[in-house]
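Student: Starting off with a structure, shown below.
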Amino acid sequence: MYSIGENFYYEIDGENVEFNILGDMIIKGKEYLVVEDNEHVKSVFIYDDEEESVTLLEDEAATDSLIETWETDFYGESADDTLWDDEEYDDLGDDEDEDDYMIYDDVEYDDEYSEDDDY
């Protein structure tokens with residue numbers, strides 16, 4: 001029913017609030033939607049596939065825990081995780097010689113295409 005990137009409205013305290021779906025995850029058979037409102041506040045909804053309904057998870061500790069789980073395990077945000085080690089690539093390109101590359105100045109290219117070239 002809901003996909004990442006979609007928006008939906010949910011009534012909170014008599015006011016319709018718009019939420020954007022950032023992600024979803026299934027933990028112990030329950031599906032959770034991690035969402036963000038217009039003020040960039042993240043919340044978690046429980047999604048019931050059979051009823052096709054969403055319910056706001058009002059337990060702050062559970063919400064914080066699920067958002068942290070989503071950020072580290074599902075979305076991939078973690079202060080300790082990096083995609084590469086910057087120090088490993090700092091010197092890349094500084095000590096390269098032109099002699100390491102082959103230069104083809106005297107090659108002539110034929111712009112004509114022939115089907116015989118494929119065989």
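Labeling convention for the structure tokens: chains A, B, ... as they appear, residues from 1 per chain, ligands from 1 in order of appearance.
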At a cut-off of 12 Å, using only C-alpha atoms, what residues contact Phe74 (chain A)? Leave out same-chain residues fewer than 5 positions from it and give the result as a PyMOL selection string.

Tutor: chain A and resi 22-27+32-34+66-69

Student: Take the residues from that selection and put them in a file with N, CA and C atoms, as an mmCIF file, in the first residue's frame.

Tutor:
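part27.cif, freshly written:
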data_model
loop_
_atom_site.group_PDB
_atom_site.id
_atom_site.type_symbol
_atom_site.label_atom_id
_atom_site.label_comp_id
_atom_site.auth_asym_id
_atom_site.auth_seq_id
_atom_site.Cartn_x
_atom_site.Cartn_y
_atom_site.Cartn_z
ATOM 1 N N LEU A 22 10.252 7.399 4.459
ATOM 2 C CA LEU A 22 11.692 7.294 4.252
ATOM 3 C C LEU A 22 12.123 5.852 4.040
ATOM 4 N N GLY A 23 11.439 4.944 4.721
ATOM 5 C CA GLY A 23 11.810 3.547 4.597
ATOM 6 C C GLY A 23 10.827 2.657 5.311
ATOM 7 N N ASP A 24 11.021 1.370 5.113
ATOM 8 C CA ASP A 24 10.187 0.400 5.810
ATOM 9 C C ASP A 24 11.067 -0.769 6.228
ATOM 10 N N MET A 25 10.597 -1.499 7.188
ATOM 11 C CA MET A 25 11.333 -2.664 7.675
ATOM 12 C C MET A 25 10.349 -3.616 8.337
ATOM 13 N N ILE A 26 10.680 -4.885 8.254
ATOM 14 C CA ILE A 26 9.860 -5.911 8.897
ATOM 15 C C ILE A 26 10.719 -6.542 9.980
ATOM 16 N N ILE A 27 10.226 -6.460 11.199
ATOM 17 C CA ILE A 27 10.929 -7.016 12.349
ATOM 18 C C ILE A 27 9.947 -7.883 13.119
ATOM 19 N N TYR A 32 7.072 -1.903 9.804
ATOM 20 C CA TYR A 32 7.162 -0.536 10.319
ATOM 21 C C TYR A 32 7.511 0.406 9.180
ATOM 22 N N LEU A 33 6.898 1.583 9.198
ATOM 23 C CA LEU A 33 7.219 2.634 8.247
ATOM 24 C C LEU A 33 7.956 3.734 8.993
ATOM 25 N N VAL A 34 9.131 4.080 8.529
ATOM 26 C CA VAL A 34 9.876 5.209 9.087
ATOM 27 C C VAL A 34 9.535 6.403 8.211
ATOM 28 N N LEU A 66 13.608 1.971 17.052
ATOM 29 C CA LEU A 66 13.328 1.537 15.685
ATOM 30 C C LEU A 66 13.974 2.459 14.647
ATOM 31 N N ILE A 67 13.982 3.757 14.910
ATOM 32 C CA ILE A 67 14.639 4.697 13.991
ATOM 33 C C ILE A 67 16.141 4.425 13.962
ATOM 34 N N GLU A 68 16.726 4.182 15.128
ATOM 35 C CA GLU A 68 18.158 3.860 15.189
ATOM 36 C C GLU A 68 18.452 2.556 14.442
ATOM 37 N N THR A 69 17.600 1.563 14.625
ATOM 38 C CA THR A 69 17.765 0.291 13.912
ATOM 39 C C THR A 69 17.657 0.504 12.413
#

Student: In Å to one decimal, how far is CA of Glu6 (chain A) from CA of Tyr47 (chain A)?

Tutor: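 About the pair CA of Tyr47 (chain A) and CA of Glu6 (chain A): they are 14.3 Å apart.
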
Student: Name all residues at most 7 Å from Leu56 (chain A) (count only C-alpha atoms; drop same-chain ones fewer than 2 positions away) and give them as number ranges by chain.

Tutor: A: 44-46, 54, 58

Student: Given only C-alpha atoms as the basis, pick out the residue of A:Asp37, A:Glu52, A:Ser3, A:Glu31 nearest to Phe19 (chain A).

Tutor: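 Closest residue, counting only C-alpha atoms: A:Asp37.
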
Student: Which residue gives the smallest distance to Glu60 (chain A) among A:Asp73, A:Lys42, A:Glu11, A:Lys28, with only C-alpha atoms counted?

Tutor: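 Checking each of A:Asp73, A:Lys42, A:Glu11, A:Lys28 against Glu60 (chain A), counting only C-alpha atoms, the winner is A:Lys42.
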
Student: Any idea what the distance is between CA of Leu57 (chain A) and CA of Val35 (chain A)?

Tutor: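 Computing the Euclidean distance for CA of Leu57 (chain A) and CA of Val35 (chain A) yields 11.3 Å.
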
Student: Just to confirm, what's the straight-line distance from CA of Glu18 (chain A) to CA of Ala61 (chain A) in Å (one decimal)?

Tutor: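 Computing the Euclidean distance for CA of Glu18 (chain A) and CA of Ala61 (chain A) yields 22.6 Å.
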
Student: Check the smallest atom-to-atom distance from each of A:Ser65, A:Glu50, A:Thr72, A:Tyr2 to Lys30 (chain A) using only C-alpha atoms, then report the winner.

Tutor: A:Glu50

Student: Measuring between only C-alpha atoms, which one of A:Tyr75, A:Asp48, A:Thr55, A:Val17 shows the shortest distance to Glu36 (chain A)?

Tutor: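 When distances to Glu36 (chain A) are compared using only C-alpha atoms, the smallest one comes from A:Val17.
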
Student: With only C-alpha atoms as the basis for distance, which of A:Glu71, A:Ile21, A:Asn16, A:Asp64 is at the shortest distance from Ile4 (chain A)?

Tutor: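 Closest to Ile4 (chain A), using only C-alpha atoms: A:Ile21.
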